[in-house]
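J.: Once you've had a glance at the structure underneath, I'll fire off some questions.
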Amino acid sequence: MEELVKVIANALVDNPEAVQVSRQEEEDKIIIELRVAPEDMGKVIGKQGRIARAIRTVVRASATREQKKVIVDIVD
Amino acid sequence: MNSVEISARTVEEALEIALQKLNLTEEEVKIKILEEPSKGFLGILGQKMAKIKVTPNIDPLALTKEFLEEITQLMGLNVDMEVLADNEYIKINFVGKKLGILIGRRGDTLDALQYLTNLVVNKYNYQSGSNSERIKIILDVEGYRQRREETLTKLAYKMAKKVQQTGRKVVFEPMNPQERRIIHTALQDEEFVQTISEGVDPFRRVIIKKV
């Protein structure tokens, strides 16, 4: 799932080399943290968070087989 | 995929360096001049270098397929893509087994992936500043959109009839703009009912009322 977030983020931003994805596993959820270059924040969030929402929708669909809830966090 | 910015004494020289760096020919790139060179006074004062930005041409179809192949594979799906493309549209119909998760609830996942693919493929066009070259990508799964349109059209007629008979309005579930348009279009020539949309996305919904 980290890889999926990474591929999508890489394709959206201008500075793919700055894209970092990490995964934290908690009891009832998996948290995927996405970091991008400051000037690329808009490219992964979008107006009113539309892009972030689309990324989350796709990742969540791919995680339906997981028992845990998957959260994609965009960190600055 | 990435563009390069090169400064040199002349535009030609900068272009040559850029092409060498990208390992491409002039036909395979877009060139944007950021700064014109100037020789300055007597070739000494105020000399300015030429600066250009060179971006490789993107084949939208190849990029679309590559991106979607990677995504679907990472989602653990085994899909084939039927491609229909011209200069303005790329239509991709995914075929395969167990593609329900690619559609999602009322097409949520499919819409999200379609939105992301449009952004990714058009990113390079935006950068070069030519909106005219924007290409629209439409994704479908086993004809899902087509079937959904037929279902919504049928539902629209049925509800319009109900409104006409009872005189009471019918409020639909929230839908995305494309789906709302299907309802509006289906009923635009009906004399006894009218359709309006109310609310704010993503909760905006269609209402059928008696005229």
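Just so we're on the same page: first chain in the structure tokens is A, next is B, and so on; residues restart at 1 for each chain, and ligands are numbered from 1 in the order they show up.
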Tell me, which residues of chain A carry DSSP helix (DSSP H, G or I), written as a count of residues only?

T.: 38

J.: Could you give me, as a ChimeraX atom specification, the residues within 7 Å of stretch 46-59 of chain A, counting only C-alpha atoms and dropping anything in the same chain fewer than 6 positions from it?

T.: /A:1,72 /B:109,112-113,116

J.: Just the selected residues (N, CA, C and O atoms), exported as a short mmCIF file (atom, residue, chain, number, x, y, z; two decimals), in the first residue's frame, please.

T.:
data_model
loop_
_atom_site.label_atom_id
_atom_site.label_comp_id
_atom_site.auth_asym_id
_atom_site.auth_seq_id
_atom_site.Cartn_x
_atom_site.Cartn_y
_atom_site.Cartn_z
N MET A 1 0.82 -1.23 0.00
CA MET A 1 0.00 0.00 0.00
C MET A 1 0.85 1.26 0.00
O MET A 1 0.47 2.26 -0.62
N VAL A 72 -4.58 7.59 5.18
CA VAL A 72 -3.47 8.24 4.48
C VAL A 72 -3.36 9.66 5.01
O VAL A 72 -4.28 10.46 4.91
N THR B 109 -14.57 4.75 -6.50
CA THR B 109 -13.17 4.43 -6.76
C THR B 109 -12.81 4.71 -8.21
O THR B 109 -11.76 5.28 -8.51
N ALA B 112 -12.46 8.41 -8.66
CA ALA B 112 -11.22 8.90 -8.04
C ALA B 112 -10.02 8.59 -8.93
O ALA B 112 -9.17 9.44 -9.17
N LEU B 113 -9.98 7.36 -9.41
CA LEU B 113 -8.85 6.96 -10.26
C LEU B 113 -8.87 7.73 -11.58
O LEU B 113 -7.81 8.14 -12.09
N LEU B 116 -7.50 11.24 -10.84
CA LEU B 116 -6.04 11.22 -10.67
C LEU B 116 -5.33 11.02 -12.01
O LEU B 116 -4.33 11.67 -12.30
#

J.: What are the closest atom pairs, with distances in Å to one decimal, for each residue of chain B lying within 9 Å of chain A, using only C-alpha atoms, rows by chain and rising residue number, as a tab-separated table?

T.:
residue	atom	partner	partner_atom	distance
B:Asn2	CA	A:Asp14	CA	8.3
B:Phe67	CA	A:Ala11	CA	8.1
B:Glu70	CA	A:Val7	CA	7.9
B:Ile71	CA	A:Leu4	CA	6.5
B:Thr72	CA	A:Ser62	CA	8.9
B:Leu74	CA	A:Leu4	CA	5.9
B:Met75	CA	A:Ser62	CA	4.9
B:Gly76	CA	A:Ser62	CA	7.5
B:Ile101	CA	A:Ala61	CA	5.7
B:Leu102	CA	A:Ala61	CA	7.0
B:Ile103	CA	A:Ala61	CA	8.8
B:Gly104	CA	A:Ala61	CA	6.9
B:Asp108	CA	A:Thr57	CA	7.3
B:Thr109	CA	A:Val58	CA	5.6
B:Leu110	CA	A:Val58	CA	8.2
B:Asp111	CA	A:Ala54	CA	8.1
B:Ala112	CA	A:Ala54	CA	4.5
B:Leu113	CA	A:Val58	CA	6.5
B:Tyr115	CA	A:Ala54	CA	7.3
B:Leu116	CA	A:Ala54	CA	6.9
B:Leu119	CA	A:Leu12	CA	7.0
B:Val120	CA	A:Leu12	CA	5.5
B:Val121	CA	A:Ala11	CA	8.7
B:Lys123	CA	A:Leu12	CA	7.4
